Every structure is written in structure tokens, then in C-alpha cells.
$ cat coords.txt   # compact mmCIF, C-alpha atoms
# COMPACT_ATOMS: atom_id res chain seq x y z
CA MET L 1 152.68 188.17 255.23
CA GLN L 2 151.26 189.53 251.97
CA PHE L 3 150.60 193.19 251.27
CA LYS L 4 147.85 194.12 248.80
CA ARG L 5 149.38 197.33 247.35
CA GLU L 6 145.87 198.32 246.22
CA LYS L 7 146.83 201.95 245.61
CA TYR L 8 149.42 200.97 243.00
CA LEU L 9 147.28 198.26 241.43
CA GLY L 10 144.59 200.88 240.95
CA GLN L 11 147.07 203.18 239.22
CA LEU L 12 148.05 200.40 236.79
CA ILE L 13 144.42 199.51 236.08
CA GLU L 14 143.64 203.18 235.34
CA ARG L 15 146.45 203.22 232.77
CA MET L 16 145.59 200.02 230.90
CA HIS L 17 145.40 200.38 227.12
CA ASN L 18 146.27 204.08 227.25
CA GLY L 19 148.72 203.82 224.35
CA GLN L 20 151.70 204.55 226.62
CA ILE L 21 154.54 202.59 228.21
CA LYS L 22 153.80 202.26 231.92
CA VAL L 23 157.10 202.90 233.74
CA ILE L 24 156.99 201.60 237.33
CA THR L 25 159.92 202.87 239.32
CA GLY L 26 161.15 203.03 242.91
CA ILE L 27 163.87 201.79 245.23
CA ARG L 28 164.93 198.17 244.71
CA ARG L 29 163.10 195.58 246.84
CA CYS L 30 160.15 197.89 247.53
CA GLY L 31 157.77 195.48 245.78
CA LYS L 32 157.81 196.48 242.10
CA SER L 33 158.32 192.92 240.86
CA PHE L 34 155.62 191.49 243.12
CA LEU L 35 153.22 194.23 242.05
CA LEU L 36 153.81 193.54 238.37
CA PHE L 37 154.33 189.77 238.23
CA ASN L 38 151.92 188.72 240.98
CA ILE L 39 149.32 191.32 241.85
CA PHE L 40 148.84 192.83 238.37
CA ALA L 41 149.28 189.52 236.54
CA GLU L 42 146.63 187.94 238.79
CA TYR L 43 144.31 190.84 238.01
CA LEU L 44 144.85 190.29 234.28
CA LYS L 45 143.93 186.62 234.69
CA SER L 46 140.86 187.55 236.73
CA ILE L 47 139.50 189.58 233.79
CA GLY L 48 140.01 186.66 231.40
CA THR L 49 143.49 187.23 229.96
CA ALA L 50 145.06 183.98 228.73
CA ASP L 51 148.39 182.94 230.27
CA ASP L 52 150.20 183.06 226.92
CA HIS L 53 149.10 186.68 226.50
CA ILE L 54 150.93 187.74 229.67
CA ILE L 55 154.63 187.94 228.75
CA THR L 56 156.89 188.34 231.77
CA LEU L 57 160.66 188.79 231.86
CA ALA L 58 162.92 189.75 234.79
CA LEU L 59 166.09 191.32 233.41
CA ASP L 60 167.91 191.22 236.76
CA ASP L 61 167.67 187.40 236.70
CA TYR L 62 171.03 185.76 235.88
CA PHE L 63 169.32 183.27 233.56
CA ASN L 64 167.88 186.13 231.50
CA GLU L 65 171.21 187.86 231.02
CA GLN L 66 171.10 187.40 227.24
CA TYR L 67 167.97 189.57 227.04
CA ARG L 68 169.86 192.57 228.43
CA ASN L 69 171.00 192.99 224.85
CA PRO L 70 168.21 195.10 223.30
CA ASP L 71 168.53 193.33 219.93
CA VAL L 72 168.08 189.90 221.51
CA LEU L 73 165.25 191.21 223.68
CA ALA L 74 163.40 192.63 220.67
CA LYS L 75 163.58 189.36 218.73
CA HIS L 76 162.42 187.36 221.75
CA LEU L 77 159.39 189.54 222.46
CA HIS L 78 158.31 189.76 218.83
CA SER L 79 158.46 185.96 218.60
CA LEU L 80 155.90 185.64 221.40
CA ILE L 81 153.37 188.06 219.88
CA LYS L 82 151.00 186.41 217.43
CA SER L 83 148.74 188.08 214.89
CA ASP L 84 145.42 187.60 216.73
CA SER L 85 143.45 190.57 218.03
CA ALA L 86 143.59 189.75 221.76
CA THR L 87 145.84 192.06 223.77
CA TYR L 88 149.32 190.92 224.78
CA TYR L 89 150.62 192.34 228.06
CA ILE L 90 154.41 192.69 228.19
CA LEU L 91 155.73 192.92 231.76
CA LEU L 92 159.47 193.67 231.96
CA ASP L 93 161.23 193.90 235.32
CA GLU L 94 164.34 196.05 236.08
CA ILE L 95 164.88 197.37 232.56
CA GLN L 96 167.91 199.42 233.63
CA PHE L 97 169.85 196.16 233.16
CA ALA L 98 169.26 196.55 229.41
CA ILE L 99 170.66 200.10 229.41
CA SER L 100 174.43 200.44 229.15
CA LYS L 101 176.45 202.56 231.57
CA GLU L 102 177.44 204.80 228.67
CA GLU L 103 173.80 205.38 227.75
CA LEU L 104 172.90 206.24 231.34
CA ARG L 105 175.79 208.64 231.77
CA ASN L 106 175.54 210.40 228.42
CA PRO L 107 172.19 212.14 227.82
CA ASP L 108 173.17 212.72 224.18
CA LYS L 109 173.62 209.01 223.49
CA PRO L 110 170.41 207.33 222.21
CA VAL L 111 169.13 204.56 224.50
CA LYS L 112 168.55 201.53 222.30
CA LEU L 113 166.09 199.90 224.67
CA TYR L 114 163.63 202.75 224.25
CA SER L 115 163.62 202.24 220.50
CA VAL L 116 162.73 198.59 221.14
CA LEU L 117 159.87 199.54 223.47
CA ASN L 118 158.59 202.30 221.21
CA GLY L 119 158.59 199.82 218.35
CA LEU L 120 156.53 197.31 220.34
CA LEU L 121 154.09 200.06 221.26
CA ARG L 122 153.21 200.46 217.60
CA ILE L 123 151.71 196.97 217.57
CA PRO L 124 147.95 197.55 218.10
CA ASN L 125 147.34 194.64 220.49
CA VAL L 126 150.31 195.21 222.82
CA ASP L 127 150.23 196.88 226.24
CA ILE L 128 153.62 197.45 227.92
CA TYR L 129 154.61 197.69 231.60
CA VAL L 130 158.21 198.02 232.78
CA THR L 131 159.93 198.53 236.12
CA GLY L 132 163.21 200.22 236.96
CA SER L 133 165.16 201.13 240.09
CA ASN L 134 166.84 204.33 239.04
CA SER L 135 165.26 207.78 239.08
CA LYS L 136 166.88 208.64 235.74
CA MET L 137 164.05 206.53 234.34
CA LEU L 138 161.78 209.42 235.29
CA SER L 139 164.09 212.16 234.06
CA LYS L 140 163.09 214.60 231.37
CA ASP L 141 165.67 213.23 228.94
CA ILE L 142 164.54 209.63 229.23
CA MET L 143 160.82 210.37 229.19
CA THR L 144 161.59 212.38 226.04
CA GLU L 145 163.03 209.19 224.55
CA PHE L 146 159.52 207.74 224.73
CA ARG L 147 158.33 210.80 222.76
CA GLY L 148 155.39 211.37 225.10
CA ARG L 149 154.62 207.66 225.31
CA GLY L 150 155.90 207.07 228.84
CA ASP L 151 153.50 207.11 231.81
CA ALA L 152 155.30 207.01 235.17
CA VAL L 153 154.08 205.21 238.30
CA GLU L 154 156.40 205.56 241.27
CA ILE L 155 155.98 203.08 244.11
CA HIS L 156 157.50 203.22 247.56
CA PRO L 157 158.17 200.98 250.53
CA LEU L 158 155.06 200.20 252.54
CA SER L 159 153.30 203.12 254.14
CA PHE L 160 152.33 202.67 257.77
CA LYS L 161 148.72 202.31 256.58
CA GLU L 162 149.64 199.39 254.27
CA PHE L 163 151.70 197.81 257.03
CA PHE L 164 149.00 198.17 259.68
CA GLU L 165 146.24 196.85 257.41
CA ALA L 166 148.23 193.62 257.06
CA THR L 167 149.35 193.27 260.68
CA GLY L 168 146.56 194.82 262.75
CA GLY L 169 146.82 194.88 266.52
CA ASP L 170 147.65 197.85 268.70
CA LYS L 171 148.42 201.00 266.68
CA SER L 172 151.13 202.22 269.01
CA SER L 173 152.97 198.89 269.10
CA ALA L 174 152.66 198.51 265.32
CA PHE L 175 154.06 201.99 264.79
CA GLU L 176 157.08 201.29 267.00
CA GLU L 177 157.84 198.18 264.92
CA TYR L 178 157.41 200.12 261.69
CA ALA L 179 159.53 203.01 262.98
CA MET L 180 162.31 200.52 263.75
CA TYR L 181 162.36 198.32 260.63
CA GLY L 182 160.57 200.38 257.99
CA GLY L 183 158.44 199.33 255.04
CA LEU L 184 160.45 197.07 252.72
CA PRO L 185 158.00 194.16 252.32
CA LEU L 186 160.39 191.23 252.68
CA VAL L 187 161.74 192.42 256.02
CA TRP L 188 158.42 191.37 257.54
CA ALA L 189 158.91 187.78 256.37
CA LYS L 190 161.76 187.56 258.89
CA LYS L 191 160.81 186.12 262.28
CA SER L 192 163.35 187.68 264.63
CA ASP L 193 164.79 191.15 265.22
CA GLU L 194 168.23 189.76 264.36
CA ALA L 195 166.98 188.38 261.04
CA LYS L 196 165.29 191.68 260.17
CA PHE L 197 168.45 193.62 260.99
CA LYS L 198 170.66 191.30 258.96
CA TYR L 199 168.31 191.40 255.96
CA LEU L 200 168.33 195.21 255.84
CA GLN L 201 172.06 195.38 256.44
CA ASN L 202 172.82 192.94 253.61
CA LEU L 203 170.33 194.68 251.34
CA PHE L 204 172.06 198.02 251.86
CA GLN L 205 175.52 196.69 251.20
CA GLU L 206 174.98 193.91 248.67
CA VAL L 207 172.18 195.38 246.56
CA TYR L 208 172.00 199.18 246.80
CA TYR L 209 175.67 199.91 247.24
CA LYS L 210 176.91 197.39 244.71
CA ASP L 211 174.44 198.75 242.18
CA ILE L 212 175.67 202.34 242.74
CA LEU L 213 179.36 201.37 242.73
CA GLU L 214 179.08 199.37 239.52
CA ARG L 215 176.71 201.63 237.61
CA TYR L 216 178.57 204.87 238.33
CA ASN L 217 182.12 203.54 238.60
CA ILE L 218 182.60 205.13 242.03
CA GLU L 219 186.28 205.98 242.51
CA LEU L 220 186.04 206.80 246.23
CA PRO L 221 183.68 204.22 247.79
CA GLU L 222 184.80 205.16 251.29
CA ILE L 223 183.55 208.72 250.68
CA LEU L 224 180.19 207.40 249.48
CA ASP L 225 180.11 205.31 252.66
CA GLU L 226 180.80 208.25 254.93
CA LEU L 227 178.37 210.52 253.09
CA THR L 228 175.61 207.93 253.56
CA ASP L 229 176.33 207.82 257.29
CA VAL L 230 176.23 211.62 257.58
CA LEU L 231 172.93 211.89 255.69
CA SER L 232 171.37 209.07 257.71
CA SER L 233 172.44 210.70 260.94
CA ALA L 234 171.14 214.13 259.90
CA VAL L 235 167.62 213.37 258.58
CA GLY L 236 165.43 216.39 259.13
CA SER L 237 168.41 218.72 259.52
CA LEU L 238 169.32 221.49 257.10
CA THR L 239 172.46 220.80 255.11
CA ASN L 240 174.19 221.61 251.82
CA VAL L 241 177.13 220.40 249.75
CA SER L 242 179.63 222.73 251.43
CA LYS L 243 178.50 221.71 254.91
CA LEU L 244 178.68 218.02 254.00
CA SER L 245 182.14 218.49 252.50
CA ASP L 246 183.35 220.31 255.62
CA THR L 247 181.98 217.54 257.84
CA LEU L 248 183.73 214.85 255.81
CA ARG L 249 186.99 216.80 255.81
CA SER L 250 187.05 217.83 259.48
CA VAL L 251 185.24 215.08 261.36
CA LYS L 252 185.89 212.11 259.09
CA LYS L 253 189.34 213.29 257.94
CA CYS L 254 188.45 212.68 254.28
CA LYS L 255 190.06 214.53 251.38
CA ILE L 256 187.12 215.50 249.25
CA THR L 257 185.96 218.25 246.91
CA ASN L 258 182.54 219.87 246.83
CA ASP L 259 182.02 218.62 243.27
CA THR L 260 182.57 215.01 244.31
CA VAL L 261 180.16 215.33 247.23
CA ALA L 262 177.54 216.89 244.93
CA GLU L 263 177.98 214.06 242.43
CA TYR L 264 177.73 211.32 245.06
CA LEU L 265 174.71 213.02 246.57
CA LYS L 266 173.06 212.87 243.16
CA PHE L 267 173.83 209.14 242.87
CA LEU L 268 172.28 208.41 246.27
CA SER L 269 169.16 210.36 245.26
CA GLU L 270 168.93 208.76 241.82
CA SER L 271 168.96 205.35 243.50
CA PHE L 272 166.05 206.47 245.71
CA LEU L 273 167.94 205.96 248.97
CA PHE L 274 167.43 209.62 249.89
CA ARG L 275 165.03 212.37 248.84
CA GLN L 276 165.67 216.09 248.93
CA ALA L 277 163.20 218.61 250.35
CA LYS L 278 164.05 222.14 249.21
CA ARG L 279 163.46 225.27 251.28
CA TYR L 280 160.72 227.59 250.07
CA ASP L 281 160.29 231.24 251.04
CA VAL L 282 156.56 231.43 251.80
CA LYS L 283 156.24 235.21 251.57
CA GLY L 284 158.78 235.74 248.80
CA LYS L 285 157.34 232.79 246.85
CA LYS L 286 160.73 231.48 245.72
CA TYR L 287 163.09 228.60 246.44
CA PHE L 288 166.39 228.97 248.23
CA GLY L 289 169.39 227.42 246.47
CA TYR L 290 170.57 225.96 249.77
CA PRO L 291 170.49 224.57 252.41
CA SER L 292 167.87 221.83 252.15
CA LYS L 293 166.89 218.64 253.94
CA PHE L 294 167.37 215.00 253.02
CA TYR L 295 165.11 212.18 254.13
CA CYS L 296 165.61 208.41 253.86
CA GLU L 297 163.25 206.60 251.53
CA ASP L 298 162.94 203.84 254.12
CA ILE L 299 163.39 204.49 257.84
CA GLY L 300 164.46 200.89 258.49
CA LEU L 301 167.41 201.24 256.12
CA ARG L 302 168.38 204.45 257.91
CA ASN L 303 168.24 202.83 261.34
CA VAL L 304 170.25 199.79 260.31
CA ARG L 305 172.81 201.97 258.57
CA LEU L 306 173.44 203.63 261.95
CA ASN L 307 173.39 200.26 263.77
CA MET L 308 170.25 201.38 265.62
CA ARG L 309 172.34 203.89 267.57
CA GLN L 310 170.45 207.11 266.84
CA GLN L 311 166.81 206.47 267.63
CA GLU L 312 165.64 210.08 268.01
CA GLU L 313 161.84 209.93 267.99
CA THR L 314 161.56 213.48 266.65
CA HIS L 315 163.65 212.87 263.52
CA ILE L 316 162.21 209.42 262.85
CA MET L 317 158.62 210.69 263.13
CA GLU L 318 159.42 213.63 260.84
CA ASN L 319 160.98 211.29 258.25
CA ILE L 320 157.93 208.99 258.34
CA ILE L 321 155.52 211.92 257.92
CA TYR L 322 157.56 213.21 254.97
CA ASN L 323 157.51 209.77 253.31
CA ASP L 324 153.78 209.43 253.93
CA LEU L 325 153.06 212.75 252.22
CA VAL L 326 155.15 211.71 249.21
CA ILE L 327 153.35 208.36 249.04
CA LYS L 328 150.01 210.19 249.08
CA GLY L 329 151.11 212.14 246.02
CA TYR L 330 152.10 215.48 247.51
CA SER L 331 155.11 217.51 246.48
CA VAL L 332 156.84 218.44 249.73
CA ASP L 333 159.04 221.43 250.56
CA VAL L 334 160.46 222.91 253.75
CA GLY L 335 158.84 226.27 254.49
CA VAL L 336 160.63 229.42 255.61
CA VAL L 337 158.72 232.41 256.95
CA LYS L 338 159.96 235.72 258.40
CA ILE L 339 158.67 236.75 261.81
CA SER L 340 159.12 240.16 263.44
CA GLU L 341 160.17 240.20 267.07
CA ALA L 342 161.50 242.78 269.48
CA GLY L 343 165.23 242.64 270.18
CA GLU L 344 167.12 243.65 273.30
CA ASP L 345 167.56 247.11 271.77
CA GLY L 346 163.78 247.53 271.69
CA LYS L 347 163.71 247.52 267.91
CA SER L 348 161.83 245.08 265.70
CA HIS L 349 163.97 242.44 264.00
CA GLN L 350 163.20 239.86 261.33
CA LYS L 351 163.74 236.21 262.26
CA SER L 352 163.50 233.24 259.89
CA CYS L 353 161.32 230.41 261.22
CA GLU L 354 160.86 227.00 259.69
CA ILE L 355 157.69 225.15 258.77
CA ASP L 356 158.50 221.45 258.61
CA PHE L 357 156.50 220.76 255.45
CA ILE L 358 154.58 222.56 252.74
CA ALA L 359 152.57 219.82 251.03
CA CYS L 360 150.99 220.59 247.66
CA LYS L 361 148.79 218.57 245.32
CA GLY L 362 147.01 220.37 242.53
CA MET L 363 145.17 223.34 244.07
CA LYS L 364 145.56 221.93 247.59
CA LYS L 365 148.22 223.21 249.97
CA TYR L 366 148.90 222.41 253.63
CA TYR L 367 151.40 223.81 256.12
CA ILE L 368 152.44 221.05 258.52
CA GLN L 369 154.48 220.90 261.71
CA SER L 370 155.67 217.61 263.22
CA ALA L 371 155.88 217.56 267.05
CA LEU L 372 156.04 214.68 269.51
CA SER L 373 153.84 216.60 271.94
CA ILE L 374 152.26 220.03 272.40
CA ALA L 375 150.94 219.36 275.90
CA ASP L 376 153.14 222.14 277.23
CA PRO L 377 151.63 225.57 276.32
CA ASP L 378 155.04 227.04 275.48
CA LYS L 379 155.79 224.13 273.13
CA ALA L 380 152.37 224.48 271.51
CA ALA L 381 152.97 228.20 270.93
CA GLN L 382 156.43 227.51 269.51
CA GLU L 383 155.09 225.00 266.97
CA ALA L 384 152.13 227.19 265.98
CA ARG L 385 154.10 230.41 265.62
CA PRO L 386 155.52 229.85 262.09
CA LEU L 387 152.13 228.58 260.92
CA LEU L 388 150.32 231.65 262.19
CA ALA L 389 152.85 233.92 260.47
CA VAL L 390 151.54 232.68 257.12
CA LYS L 391 148.61 234.91 256.21
CA ASP L 392 146.98 232.88 253.44
CA PHE L 393 143.90 230.71 253.88
CA PHE L 394 145.41 227.26 253.40
CA THR L 395 145.11 224.77 256.27
CA LYS L 396 147.73 224.88 259.04
CA ILE L 397 148.35 221.58 260.80
CA ILE L 398 150.34 220.25 263.76
CA VAL L 399 150.82 216.46 263.84
CA THR L 400 151.57 215.06 267.31
CA LYS L 401 152.34 211.57 268.53
CA THR L 402 149.00 211.01 270.18
CA SER L 403 145.78 209.05 269.67
CA MET L 404 143.55 212.08 270.21
CA LYS L 405 140.84 212.84 267.69
CA PRO L 406 141.56 215.80 265.36
CA TRP L 407 140.69 219.19 266.86
CA ILE L 408 141.07 222.86 265.94
CA ASP L 409 142.56 225.25 268.49
CA GLU L 410 141.36 228.79 269.18
CA LYS L 411 143.68 230.22 266.52
CA GLY L 412 142.44 227.93 263.77
CA VAL L 413 145.34 225.44 263.72
CA LEU L 414 144.23 221.86 263.05
CA CYS L 415 145.83 219.37 265.46
CA ILE L 416 145.96 215.74 264.27
CA GLY L 417 147.20 212.65 266.08
CA LEU L 418 149.98 210.79 264.29
CA TYR L 419 148.05 207.53 263.87
CA ASP L 420 145.01 209.25 262.35
CA PHE L 421 147.32 211.24 260.06
CA LEU L 422 149.01 208.07 258.78
CA LEU L 423 146.01 205.74 258.67
CA GLN L 424 143.23 207.94 257.29
CA GLU L 425 143.78 208.52 253.57
CA ASP L 426 141.60 211.66 253.42
CA ILE L 427 142.49 213.12 256.83
CA LEU L 428 143.78 216.37 255.31
CA ASN L 429 140.43 217.00 253.67
$ encode --input "coords.txt" --output "C-alpha cells"
Amino acid sequence: MQFKREKYLGQLIERMHNGQIKVITGIRRCGKSFLLFNIFAEYLKSIGTADDHIITLALDDYFNEQYRNPDVLAKHLHSLIKSDSATYYILLDEIQFAISKEELRNPDKPVKLYSVLNGLLRIPNVDIYVTGSNSKMLSKDIMTEFRGRGDAVEIHPLSFKEFFEATGGDKSSAFEEYAMYGGLPLVWAKKSDEAKFKYLQNLFQEVYYKDILERYNIELPEILDELTDVLSSAVGSLTNVSKLSDTLRSVKKCKITNDTVAEYLKFLSESFLFRQAKRYDVKGKKYFGYPSKFYCEDIGLRNVRLNMRQQEETHIMENIIYNDLVIKGYSVDVGVVKISEAGEDGKSHQKSCEIDFIACKGMKKYYIQSALSIADPDKAAQEARPLLAVKDFFTKIIVTKTSMKPWIDEKGVLCIGLYDFLLQEDILN
């Protein structure tokens, strides 16, 4: 089964010849290599680019280990670039392998690889594309190393829309498959449930974990293990470093400090396994320092990590909606709004209510609730209440697990079925 990844191909085409280094990043095995070496390379050939003007090199390949030395890499690439005027396209995969652990850990230490890439960029007929699987490649410090010459493209596991366009069939059945095994492309090359499970399990342990353990010299791997389990189990739940530390100490009987938990949490986020959604005070227009929510980058990895034991539809649906908003280019926060209600003493009291997502892109903003069903009037009122407490004019939305066409209720809340929300690119407009 082949996935077109048209959204990301379009982003690369838009950036061609822009005088910048195109940095393609995202979780390992989400399709960066295939996008660059197959989909984009085929596009280059389709517009007449000669084979010898497409220079490809995978730095995570054992046989290319020598090129992880930036000096050797520079000599090799320069030797392949001739003096003619036709453009050479340099496609480098997993460039973090050419960055030393010391360079990654120490922001004050110059990263030699970036000097190599910046030097190549000065050649008029060279266009550079690189991939990397660590979010530090998008950090302020590292983008500064490119001196304004880095242009980031972040790709993700398959969205449900990409998955469904390739598989077709019944939407509900396709969603249940996707909600079980997620969107890492190669999982869908496996024929049986057992093979899918084993692939994701091995990927978690042998690729993601080994990469984190080796790159960050993790001293307490068992703590990283337990922290991953806790985060996977608690997707969509508010948490913070202190709460996580307390859980590890009391429930898991681990001796751990808050600083270590905070550091390991950062490593899991930098490797794209989890993403943090911060809480935002809608009326006060400010962020809370804590608590916040964490979502898994791929729901299949989360399910396998928990041995398929915790299949709560509510949390899984919420995680998938969060990921879909991120894939569509929205910045996503958790909303908090104060609501006045009468207490038993007859006086009015302030109560904090949560809005699942505040999704922003440019001048656009949407307040979104995720709910399996709002068929019950009390449930519908409960979901709409935080939305109606927000007095601005941005769209308020409830997404439910239904195939109903979008409709607006009597209070102006837009209700959208889950499949329409995930499959229609412009549904929010």
C-alpha cells in the first residue's frame, strides 16, 4: 500500500530554489525518507532533472557511516557537484547522525554539519533538502545556526484522511482500524493484527527507545520506561511534573526527582513521541505554567505500548482530533474558562471549565469540544457550556462520533461528525 503524501510534496515544491535549506523533520519511520527519496525524487525526474543531479545519501545507513563525519561528508558532496549551470539537488536523510552528542547537548558548541550545509548553499546551482528525527532540529538555536537559511517542514504519521484515501471502504470500519494501529506507513504493509502489533512494539523498543537512550545517555532507563507508560495511559488528562513524579514514586515505587522527570519528559517530546498542549486562560488571555496535557504523536504506538489494554474511545478520539489539527497546521492549546454558578449557600461562585482545544492558524481561531455523543440533552448542554461562556465571535464546535452532516444548534454551536471533521480539509471554514 502506497501513500501519496501530497500535502508534504506540495510544501517541498513550494520551497524549491528559495535559497534556504529545507529541513524535513518528524518522528522516525513516519515517511520522511520515502517522501524525500521516492516521492520528491520522482517529481524532480518528472520535471526533467537528470539522475546525476539528484544526490541522495542516507546517514542512518550502516554503509554510509563514514559520511557522519562532516569533513568527509563535505568532500564527498563537493566531488559530485560539477561546474555546469543545471541545478543539483542534495537530499540528505537523518542528518542528526552527523551531529555529535556533545553538539546536541551544548547549545554553545558550534555544530560543524551546519557549516558544511551553509557552505554548500553558497553554490549557485545547489538546492538542499535534509531530514531529521529530533525536534532540536527545529529549535531556535539550531535554526540560528543556519543564519536564517533554514526552512522547516514538519511531517507526521498518516492522517486519517491520507489513510482512508489509500484504503477506501467503509468509513467507520476504516476509522476503527486506524484508531487501533495508527498512521505509521509501514504498519499497513503487515498482513495480520499480530504482525502489526509486533512491528509497532519492536519499533518502539528498538528504534525510538534505543535512539533516546544512546543520544541522551539515559542513566535511569527504567524511569523513562515507566514515564512513557504513565503518559500513554493518561492521554487527554491534565498532568504536570510534580504529579508525574508523585505517581512514579507512590504507584511505581520509583525513586525519582522532579528535575529528572522534567528532563526525561523533554527527551520524549524532542523525539516526537509525545506533544504538549498547554492550558490557556481564555478570558485572562495568558498561559498557565501547569498543568498541561500530553498527546501521543501516533495512536498506534500508544495502544501497543499499553498492550492494547486501555482502549477508551473518548481518549483515543481526542488524541486523534488533536493530531489532526496539528497536521492541518494549527497551533493547539487547552482552553480554560471561568463560569459563574450558584452554590448551595445561594451565592455565585466561579468554576473553571475546560475547552478541549483552542486551534489557531493566522487570524483563524476555533474552540473545539470532542464528545463521543451528544444525543442526551444533558450531555449536549455539558459540552456546550464552556463554549458558550466564551463571548468572542470565533466559531465554537462540538465534534461527535457520528456520520451526521454538519449542523448548527439554536445557540450557534457548530456540530460536526467525526468522519467529516477528519476527511474534509476545509471543514472548519
$ closest_residue --input "coords.txt" --among "L:Tyr367, L:Phe160, L:Tyr290, L:Tyr88" --to "Lys243 of chain L" --atoms "only C-alpha atoms"
L:Tyr290
$ atom_distance --input "coords.txt" --atom1 "atom CA of Thr87 of chain L" --atom2 "atom CA of Leu59 of chain L"
22.4 Å
$ closest_residue --input "coords.txt" --among "L:Lys338, L:Lys171, L:Lys391, L:Lys283" --to "Ser403 of chain L" --atoms "only C-alpha atoms"
L:Lys171
$ closest_atom_pairs --input "coords.txt" --of "segment 7-66 of chain L" --to "segment 300-303 of chain L" --cutoff "12 Å" --atoms "all atoms listed in the file" --output "tab-separated table"
residue	atom	partner	partner_atom	distance
L:Ile27	CA	L:Leu301	CA	11.5
L:Arg29	CA	L:Leu301	CA	11.7
L:Cys30	CA	L:Leu301	CA	11.7
$ closest_residue --input "coords.txt" --among "L:Leu12, L:Leu104, L:Leu244, L:Leu227" --to "Arg215 of chain L" --atoms "all atoms listed in the file"
L:Leu104
$ closest_residue --input "coords.txt" --among "L:Val282, L:Ile299, L:Ile355, L:Cys254" --to "Leu158 of chain L" --atoms "only C-alpha atoms"
L:Ile299
$ residues_around --input "coords.txt" --residues "Glu214 of chain L" --least-positions-apart "6" --cutoff "12 Å" --atoms "all atoms listed in the file" --output "list in words"
Phe97, Ser100, Lys101, Glu206, Val207, Tyr208, Pro221 and Phe267 of chain L
$ residues_around --input "coords.txt" --residues "Arg275 of chain L" --least-positions-apart "5" --cutoff "7 Å" --atoms "only C-alpha atoms" --output "list in words"
Ser269, Phe294, Tyr295, Cys296 and Glu297 of chain L
